[in-house]
Each structure stands twice: as structure tokens, then as C-alpha cells.
>>> print(open('data.tsv').read())   # TSV, N, CA, C and O atoms
chain	number	residue	atom	x	y	z
A	243	MET	N	-3.88	-43.99	-32.78
A	243	MET	CA	-4.81	-42.91	-33.11
A	243	MET	C	-4.38	-42.22	-34.40
A	243	MET	O	-3.21	-42.09	-34.67
A	244	SER	N	-5.34	-41.75	-35.12
A	244	SER	CA	-5.04	-41.00	-36.32
A	244	SER	C	-4.86	-39.53	-35.94
A	244	SER	O	-5.07	-39.13	-34.80
A	245	TYR	N	-4.45	-38.74	-36.91
A	245	TYR	CA	-4.17	-37.33	-36.65
A	245	TYR	C	-5.39	-36.57	-36.15
A	245	TYR	O	-5.26	-35.55	-35.49
A	246	ASP	N	-6.59	-37.05	-36.44
A	246	ASP	CA	-7.80	-36.34	-36.00
A	246	ASP	C	-8.37	-36.89	-34.69
A	246	ASP	O	-9.46	-36.53	-34.29
A	247	GLY	N	-7.61	-37.78	-34.03
A	247	GLY	CA	-8.03	-38.28	-32.74
A	247	GLY	C	-8.86	-39.54	-32.78
A	247	GLY	O	-9.15	-40.12	-31.75
A	248	ARG	N	-9.26	-39.98	-33.96
A	248	ARG	CA	-10.03	-41.21	-34.08
A	248	ARG	C	-9.08	-42.40	-34.16
A	248	ARG	O	-7.94	-42.25	-34.61
A	249	PRO	N	-9.51	-43.58	-33.74
A	249	PRO	CA	-8.65	-44.75	-33.86
A	249	PRO	C	-8.28	-44.99	-35.33
A	249	PRO	O	-9.12	-44.89	-36.22
A	250	ALA	N	-7.00	-45.25	-35.58
A	250	ALA	CA	-6.54	-45.47	-36.94
A	250	ALA	C	-6.98	-46.85	-37.41
A	250	ALA	O	-6.89	-47.82	-36.68
A	251	ARG	N	-7.45	-46.92	-38.64
A	251	ARG	CA	-7.81	-48.19	-39.26
A	251	ARG	C	-7.04	-48.29	-40.56
A	251	ARG	O	-7.05	-47.36	-41.37
A	252	ASN	N	-6.36	-49.40	-40.75
A	252	ASN	CA	-5.63	-49.61	-41.99
A	252	ASN	C	-4.82	-48.38	-42.39
A	252	ASN	O	-5.02	-47.80	-43.44
A	253	LYS	N	-3.95	-47.99	-41.52
A	253	LYS	CA	-3.13	-46.79	-41.73
A	253	LYS	C	-2.35	-46.90	-43.04
A	253	LYS	O	-1.71	-47.90	-43.32
A	254	HIS	N	-2.44	-45.86	-43.84
A	254	HIS	CA	-1.73	-45.82	-45.12
A	254	HIS	C	-0.23	-45.70	-44.84
A	254	HIS	O	0.18	-45.01	-43.91
A	255	PRO	N	0.60	-46.37	-45.63
A	255	PRO	CA	2.05	-46.33	-45.40
A	255	PRO	C	2.66	-44.92	-45.42
A	255	PRO	O	3.69	-44.68	-44.81
A	256	ALA	N	2.02	-43.99	-46.10
A	256	ALA	CA	2.57	-42.64	-46.20
A	256	ALA	C	2.07	-41.68	-45.13
A	256	ALA	O	2.51	-40.54	-45.07
A	257	THR	N	1.17	-42.13	-44.26
A	257	THR	CA	0.58	-41.24	-43.25
A	257	THR	C	1.64	-40.59	-42.39
A	257	THR	O	1.62	-39.37	-42.17
A	258	ASP	N	2.58	-41.38	-41.87
A	258	ASP	CA	3.62	-40.82	-41.01
A	258	ASP	C	4.45	-39.78	-41.74
A	258	ASP	O	4.82	-38.75	-41.17
A	259	ASN	N	4.74	-40.03	-43.03
A	259	ASN	CA	5.52	-39.05	-43.80
A	259	ASN	C	4.77	-37.73	-43.92
A	259	ASN	O	5.37	-36.66	-43.79
A	260	HIS	N	3.46	-37.81	-44.17
A	260	HIS	CA	2.67	-36.57	-44.28
A	260	HIS	C	2.64	-35.83	-42.94
A	260	HIS	O	2.78	-34.60	-42.91
A	261	GLU	N	2.46	-36.57	-41.85
A	261	GLU	CA	2.43	-35.92	-40.54
A	261	GLU	C	3.80	-35.32	-40.19
A	261	GLU	O	3.88	-34.21	-39.67
A	262	ASN	N	4.88	-36.05	-40.51
A	262	ASN	CA	6.22	-35.52	-40.27
A	262	ASN	C	6.49	-34.28	-41.12
A	262	ASN	O	7.11	-33.32	-40.65
A	263	ALA	N	6.03	-34.30	-42.36
A	263	ALA	CA	6.21	-33.13	-43.23
A	263	ALA	C	5.50	-31.92	-42.64
A	263	ALA	O	6.05	-30.81	-42.62
A	264	ALA	N	4.28	-32.12	-42.14
A	264	ALA	CA	3.54	-31.01	-41.53
A	264	ALA	C	4.27	-30.47	-40.31
A	264	ALA	O	4.38	-29.24	-40.13
A	265	ASP	N	4.81	-31.37	-39.48
A	265	ASP	CA	5.57	-30.92	-38.31
A	265	ASP	C	6.80	-30.12	-38.73
A	265	ASP	O	7.12	-29.09	-38.12
A	266	GLN	N	7.49	-30.58	-39.76
A	266	GLN	CA	8.67	-29.87	-40.23
A	266	GLN	C	8.30	-28.49	-40.78
A	266	GLN	O	9.01	-27.51	-40.56
A	267	HIS	N	7.18	-28.41	-41.51
A	267	HIS	CA	6.72	-27.10	-42.00
A	267	HIS	C	6.40	-26.16	-40.83
A	267	HIS	O	6.73	-24.98	-40.87
A	268	ASP	N	5.75	-26.70	-39.80
A	268	ASP	CA	5.46	-25.89	-38.62
A	268	ASP	C	6.74	-25.35	-37.99
A	268	ASP	O	6.84	-24.17	-37.64
A	269	ASN	N	7.73	-26.22	-37.85
A	269	ASN	CA	9.01	-25.80	-37.28
A	269	ASN	C	9.70	-24.78	-38.19
A	269	ASN	O	10.30	-23.81	-37.71
A	270	ALA	N	9.63	-25.00	-39.48
A	270	ALA	CA	10.27	-24.08	-40.43
A	270	ALA	C	9.67	-22.69	-40.34
A	270	ALA	O	10.38	-21.69	-40.48
A	271	ALA	N	8.38	-22.60	-40.08
A	271	ALA	CA	7.71	-21.30	-40.01
A	271	ALA	C	8.13	-20.49	-38.79
A	271	ALA	O	8.10	-19.26	-38.82
A	272	LYS	N	8.53	-21.15	-37.73
A	272	LYS	CA	8.90	-20.44	-36.50
A	272	LYS	C	10.25	-19.74	-36.62
A	272	LYS	O	10.44	-18.65	-36.06
A	273	HIS	N	11.18	-20.34	-37.31
A	273	HIS	CA	12.55	-19.82	-37.33
A	273	HIS	C	12.72	-18.50	-38.08
A	273	HIS	O	13.48	-17.64	-37.61
A	274	PRO	N	12.06	-18.26	-39.20
A	274	PRO	CA	12.22	-16.95	-39.83
A	274	PRO	C	11.71	-15.80	-38.95
A	274	PRO	O	12.27	-14.70	-38.97
A	275	ARG	N	10.68	-16.07	-38.15
A	275	ARG	CA	10.19	-15.04	-37.23
A	275	ARG	C	11.25	-14.71	-36.18
A	275	ARG	O	11.48	-13.55	-35.85
A	276	GLU	N	11.89	-15.75	-35.67
A	276	GLU	CA	12.98	-15.54	-34.71
A	276	GLU	C	14.14	-14.81	-35.38
A	276	GLU	O	14.77	-13.95	-34.78
A	277	ALA	N	14.43	-15.19	-36.62
A	277	ALA	CA	15.52	-14.53	-37.35
A	277	ALA	C	15.23	-13.04	-37.50
A	277	ALA	O	16.11	-12.20	-37.25
A	278	ALA	N	14.00	-12.70	-37.88
A	278	ALA	CA	13.64	-11.29	-38.04
A	278	ALA	C	13.78	-10.54	-36.73
A	278	ALA	O	14.33	-9.42	-36.69
A	279	LYS	N	13.31	-11.15	-35.67
A	279	LYS	CA	13.42	-10.53	-34.34
A	279	LYS	C	14.89	-10.30	-33.97
A	279	LYS	O	15.27	-9.23	-33.50
A	280	ASN	N	15.72	-11.32	-34.19
A	280	ASN	CA	17.14	-11.20	-33.86
A	280	ASN	C	17.85	-10.16	-34.72
A	280	ASN	O	18.71	-9.43	-34.22
A	281	TYR	N	17.50	-10.07	-35.99
A	281	TYR	CA	18.09	-9.04	-36.84
A	281	TYR	C	17.76	-7.65	-36.31
A	281	TYR	O	18.61	-6.77	-36.24
A	282	GLU	N	16.51	-7.47	-35.90
A	282	GLU	CA	16.09	-6.17	-35.35
A	282	GLU	C	16.83	-5.84	-34.06
A	282	GLU	O	17.07	-4.68	-33.76
A	283	GLU	N	17.20	-6.86	-33.30
A	283	GLU	CA	17.91	-6.66	-32.04
A	283	GLU	C	19.43	-6.59	-32.25
A	283	GLU	O	20.18	-6.48	-31.28
A	284	GLY	N	19.88	-6.67	-33.50
A	284	GLY	CA	21.30	-6.61	-33.80
A	284	GLY	C	22.04	-7.92	-33.56
A	284	GLY	O	23.27	-7.95	-33.59
A	285	LYS	N	21.32	-8.99	-33.35
A	285	LYS	CA	21.93	-10.30	-33.10
A	285	LYS	C	22.04	-11.06	-34.42
A	285	LYS	O	21.33	-12.04	-34.68
A	286	HIS	N	22.95	-10.61	-35.25
A	286	HIS	CA	23.03	-11.12	-36.62
A	286	HIS	C	23.46	-12.59	-36.70
A	286	HIS	O	22.95	-13.33	-37.54
A	287	GLU	N	24.37	-13.01	-35.83
A	287	GLU	CA	24.80	-14.42	-35.86
A	287	GLU	C	23.65	-15.34	-35.47
A	287	GLU	O	23.43	-16.38	-36.11
A	288	THR	N	22.90	-14.97	-34.45
A	288	THR	CA	21.75	-15.77	-34.03
A	288	THR	C	20.67	-15.76	-35.10
A	288	THR	O	20.04	-16.79	-35.38
A	289	ALA	N	20.48	-14.61	-35.74
A	289	ALA	CA	19.49	-14.51	-36.81
A	289	ALA	C	19.85	-15.45	-37.96
A	289	ALA	O	18.99	-16.16	-38.50
A	290	ALA	N	21.13	-15.46	-38.32
A	290	ALA	CA	21.57	-16.34	-39.40
A	290	ALA	C	21.36	-17.80	-39.03
A	290	ALA	O	20.98	-18.62	-39.88
A	291	HIS	N	21.60	-18.12	-37.78
A	291	HIS	CA	21.37	-19.49	-37.30
A	291	HIS	C	19.90	-19.88	-37.52
A	291	HIS	O	19.60	-20.96	-38.04
A	292	HIS	N	18.98	-19.01	-37.13
A	292	HIS	CA	17.55	-19.31	-37.28
A	292	HIS	C	17.16	-19.41	-38.74
A	292	HIS	O	16.36	-20.28	-39.13
A	293	ALA	N	17.70	-18.54	-39.57
A	293	ALA	CA	17.39	-18.60	-41.00
A	293	ALA	C	17.87	-19.92	-41.60
A	293	ALA	O	17.16	-20.56	-42.38
A	294	HIS	N	19.07	-20.33	-41.22
A	294	HIS	CA	19.63	-21.59	-41.72
A	294	HIS	C	18.83	-22.79	-41.22
A	294	HIS	O	18.56	-23.73	-41.97
A	295	THR	N	18.41	-22.74	-39.97
A	295	THR	CA	17.61	-23.82	-39.40
A	295	THR	C	16.26	-23.92	-40.11
A	295	THR	O	15.77	-25.03	-40.37
A	296	ALA	N	15.66	-22.79	-40.44
A	296	ALA	CA	14.39	-22.81	-41.17
A	296	ALA	C	14.55	-23.53	-42.50
A	296	ALA	O	13.70	-24.34	-42.89
A	297	HIS	N	15.65	-23.25	-43.17
A	297	HIS	CA	15.92	-23.91	-44.45
A	297	HIS	C	16.04	-25.42	-44.26
A	297	HIS	O	15.52	-26.20	-45.06
A	298	GLY	N	16.70	-25.84	-43.18
A	298	GLY	CA	16.83	-27.27	-42.90
A	298	GLY	C	15.50	-27.94	-42.64
A	298	GLY	O	15.23	-29.05	-43.14
A	299	HIS	N	14.62	-27.28	-41.88
A	299	HIS	CA	13.29	-27.84	-41.63
A	299	HIS	C	12.50	-27.94	-42.93
A	299	HIS	O	11.79	-28.92	-43.16
A	300	ALA	N	12.62	-26.93	-43.79
A	300	ALA	CA	11.91	-26.97	-45.07
A	300	ALA	C	12.43	-28.12	-45.93
A	300	ALA	O	11.65	-28.82	-46.59
A	301	ALA	N	13.74	-28.34	-45.92
A	301	ALA	CA	14.32	-29.46	-46.66
A	301	ALA	C	13.83	-30.79	-46.11
A	301	ALA	O	13.51	-31.71	-46.88
A	302	ASN	N	13.75	-30.91	-44.79
A	302	ASN	CA	13.23	-32.13	-44.18
A	302	ASN	C	11.78	-32.37	-44.57
A	302	ASN	O	11.37	-33.51	-44.84
A	303	ALA	N	10.98	-31.32	-44.60
A	303	ALA	CA	9.58	-31.44	-45.00
A	303	ALA	C	9.48	-31.93	-46.45
A	303	ALA	O	8.68	-32.81	-46.77
A	304	ARG	N	10.31	-31.36	-47.30
A	304	ARG	CA	10.33	-31.76	-48.71
A	304	ARG	C	10.72	-33.24	-48.83
A	304	ARG	O	10.13	-33.98	-49.62
A	305	ASN	N	11.71	-33.67	-48.05
A	305	ASN	CA	12.12	-35.08	-48.09
A	305	ASN	C	11.01	-36.01	-47.63
A	305	ASN	O	10.81	-37.09	-48.21
A	306	GLU	N	10.29	-35.62	-46.60
A	306	GLU	CA	9.16	-36.43	-46.12
A	306	GLU	C	8.07	-36.53	-47.19
A	306	GLU	O	7.49	-37.59	-47.41
A	307	ALA	N	7.78	-35.41	-47.85
A	307	ALA	CA	6.77	-35.41	-48.91
A	307	ALA	C	7.22	-36.28	-50.08
A	307	ALA	O	6.40	-37.00	-50.68
A	308	THR	N	8.50	-36.24	-50.40
A	308	THR	CA	9.03	-37.08	-51.48
A	308	THR	C	8.89	-38.56	-51.12
A	308	THR	O	8.48	-39.37	-51.95
A	309	GLU	N	9.21	-38.91	-49.89
A	309	GLU	CA	9.07	-40.30	-49.46
A	309	GLU	C	7.61	-40.73	-49.50
A	309	GLU	O	7.30	-41.86	-49.91
A	310	ALA	N	6.69	-39.86	-49.09
A	310	ALA	CA	5.26	-40.19	-49.17
A	310	ALA	C	4.86	-40.44	-50.62
A	310	ALA	O	4.14	-41.39	-50.92
A	311	SER	N	5.37	-39.62	-51.55
A	311	SER	CA	5.07	-39.80	-52.97
A	311	SER	C	5.60	-41.13	-53.48
A	311	SER	O	4.94	-41.81	-54.28
A	312	ARG	N	6.79	-41.52	-53.03
A	312	ARG	CA	7.34	-42.82	-53.44
A	312	ARG	C	6.44	-43.96	-52.96
A	312	ARG	O	6.21	-44.92	-53.70
A	313	LYS	N	5.96	-43.83	-51.73
A	313	LYS	CA	5.09	-44.88	-51.21
A	313	LYS	C	3.79	-44.96	-51.99
A	313	LYS	O	3.29	-46.05	-52.28
A	314	HIS	N	3.24	-43.81	-52.37
A	314	HIS	CA	2.02	-43.80	-53.18
A	314	HIS	C	2.29	-44.44	-54.53
A	314	HIS	O	1.48	-45.24	-55.02
A	315	ALA	N	3.42	-44.12	-55.13
A	315	ALA	CA	3.75	-44.67	-56.44
A	315	ALA	C	3.92	-46.19	-56.37
A	315	ALA	O	3.44	-46.91	-57.26
A	316	GLN	N	4.57	-46.67	-55.33
A	316	GLN	CA	4.74	-48.12	-55.17
A	316	GLN	C	3.39	-48.81	-55.02
A	316	GLN	O	3.15	-49.86	-55.61
A	317	GLU	N	2.52	-48.18	-54.25
A	317	GLU	CA	1.22	-48.77	-54.01
A	317	GLU	C	0.37	-48.82	-55.28
A	317	GLU	O	-0.46	-49.70	-55.45
A	318	HIS	N	0.62	-47.89	-56.18
A	318	HIS	CA	-0.21	-47.78	-57.39
A	318	HIS	C	0.55	-48.19	-58.64
A	318	HIS	O	0.34	-47.63	-59.71
A	319	GLY	N	1.48	-49.13	-58.49
A	319	GLY	CA	2.10	-49.74	-59.65
A	319	GLY	C	3.41	-49.15	-60.11
A	319	GLY	O	3.93	-49.54	-61.14
A	320	GLY	N	3.98	-48.20	-59.39
A	320	GLY	CA	5.27	-47.64	-59.80
A	320	GLY	C	6.40	-48.52	-59.32
A	320	GLY	O	6.65	-48.62	-58.14
A	321	GLY	N	7.10	-49.17	-60.23
A	321	GLY	CA	8.18	-50.06	-59.85
A	321	GLY	C	9.56	-49.49	-60.09
A	321	GLY	O	10.54	-50.19	-60.05
A	322	GLN	N	9.68	-48.22	-60.37
A	322	GLN	CA	10.95	-47.60	-60.74
A	322	GLN	C	11.56	-46.84	-59.59
A	322	GLN	O	12.22	-45.84	-59.79
A	323	GLN	N	11.40	-47.28	-58.36
A	323	GLN	CA	11.86	-46.53	-57.19
A	323	GLN	C	13.33	-46.18	-57.29
A	323	GLN	O	14.18	-47.02	-57.52
A	324	GLY	N	13.61	-44.89	-57.13
A	324	GLY	CA	14.98	-44.41	-57.06
A	324	GLY	C	15.68	-44.26	-58.37
A	324	GLY	O	16.79	-43.76	-58.43
A	325	SER	N	15.10	-44.69	-59.49
A	325	SER	CA	15.81	-44.62	-60.76
A	325	SER	C	15.51	-43.34	-61.53
A	325	SER	O	16.11	-43.08	-62.55
A	326	GLY	N	14.55	-42.58	-61.06
A	326	GLY	CA	14.17	-41.36	-61.77
A	326	GLY	C	13.19	-41.63	-62.88
A	326	GLY	O	12.72	-40.74	-63.54
A	327	GLY	N	12.88	-42.91	-63.11
A	327	GLY	CA	11.93	-43.27	-64.17
A	327	GLY	C	10.51	-43.03	-63.73
A	327	GLY	O	10.23	-42.86	-62.55
A	328	THR	N	9.63	-42.99	-64.68
A	328	THR	CA	8.22	-42.81	-64.36
A	328	THR	C	7.42	-43.94	-64.96
A	328	THR	O	7.85	-44.60	-65.90
A	329	SER	N	6.27	-44.13	-64.44
A	329	SER	CA	5.38	-45.16	-64.95
A	329	SER	C	4.00	-44.56	-65.10
A	329	SER	O	3.55	-43.80	-64.26
A	330	ASN	N	3.35	-44.91	-66.19
A	330	ASN	CA	1.98	-44.43	-66.41
A	330	ASN	C	0.95	-45.49	-66.06
A	330	ASN	O	-0.20	-45.37	-66.41
A	331	LYS	N	1.38	-46.56	-65.39
A	331	LYS	CA	0.44	-47.61	-65.00
A	331	LYS	C	-0.55	-47.06	-63.99
A	331	LYS	O	-0.24	-46.22	-63.20
A	332	ARG	N	-1.74	-47.60	-64.05
A	332	ARG	CA	-2.77	-47.21	-63.09
A	332	ARG	C	-3.27	-48.42	-62.38
A	332	ARG	O	-3.37	-49.46	-62.82
>>> encode(input="data.tsv", output="C-alpha cells")
Amino acid sequence: MSYDGRPARNKHPATDNHENAADQHDNAAKHPREAAKNYEEGKHETAAHHAHTAHGHAANARNEATEASRKHAQEHGGGQQGSGGTSNKR
């Protein structure tokens, strides 16, 4: 199934990366709220844990988006994977 509930047809190689990135962003959004709540309750160590975890989820989301971009580039003629090079091929 695709993300919208319809049967997936010819799933794009980057689809999972985009869905994983969205999940990581969702998780990242929850932790700062918990951190704020914990700070208000004087639970500074727990608050710091949540703040740090939020940063980790955001980093994971960024990594998933980067991987999706690599897959798009490969599909559209980018042969410089991992070298930092760019290609203007279309």
C-alpha cells in the first residue's frame, strides 16, 4: 500500500526515505514539548534528554532526505554518488 492507502504501483526508490523522514520529523516534534514540560516541573536532566533526542530525530530525518535526494540524482543521471560532485545532466 502507498502512504495514502491506495495499492502502490511502481514504487519510487525514494518513497521509503520520504516516509521515514516524515516519521522522524513527527518524533522530533514531540520531544521539545516534553522537554519544555519537564523544565517547568524542575526535571532538568529529563528535559535535556528529550531535547537531545529531538535533535537526533531531526538528524535522522535529514539523513533520510539526503538519501532520497541521492536516489533521485541517480535516477536522473547523477553518477557522482558520495564524491560531493554535481552533475548538470538531465
>>> residues_around(input="data.tsv", residues="Ala264 (chain A)", least_positions_apart="4", cutoff="8 Å", atoms="only C-alpha atoms", output="list in words")
His260, Asp268 and Ala303 of chain A
>>> closest_residue(input="data.tsv", among="A:Ala270, A:Ala278, A:Ala256, A:Ala263", to="Ala296 (chain A)", atoms="only N, CA, C and O atoms")
A:Ala270
>>> closest_residue(input="data.tsv", among="A:Ser311, A:Asn305, A:Asn269, A:Thr257", to="His292 (chain A)", atoms="only C-alpha atoms")
A:Asn269
>>> closest_residue(input="data.tsv", among="A:Pro255, A:Gly284, A:Gly298, A:Glu261", to="His314 (chain A)", atoms="all atoms listed in the file")
A:Pro255
>>> atom_distance(input="data.tsv", atom1="CA of Ala315 (chain A)", atom2="CA of Asn259 (chain A)")
13.9 Å
>>> closest_residue(input="data.tsv", among="A:Glu282, A:Asp258, A:Gln266, A:Lys253", to="His299 (chain A)", atoms="all atoms listed in the file")
A:Gln266
>>> atom_distance(input="data.tsv", atom1="CA of Ala289 (chain A)", atom2="CA of Glu306 (chain A)")
26.0 Å
>>> closest_residue(input="data.tsv", among="A:His267, A:Lys279, A:Lys272, A:Gly319", to="Ala300 (chain A)", atoms="only N, CA, C and O atoms")
A:His267
>>> axis_aligned_box(input="data.tsv", around="region 269-280 of chain A", padding_each_side="4 Å", output="JSON")
{"center_x": 13.2, "center_y": -17.7, "center_z": -37.0, "size_x": 19.0, "size_y": 25.0, "size_z": 15.0}
>>> atom_distance(input="data.tsv", atom1="atom N of His273 (chain A)", atom2="CA of Arg304 (chain A)")
16.2 Å
>>> closest_residue(input="data.tsv", among="A:Ala310, A:Thr295, A:Asn252, A:Ala301", to="Pro274 (chain A)", atoms="all atoms listed in the file")
A:Thr295
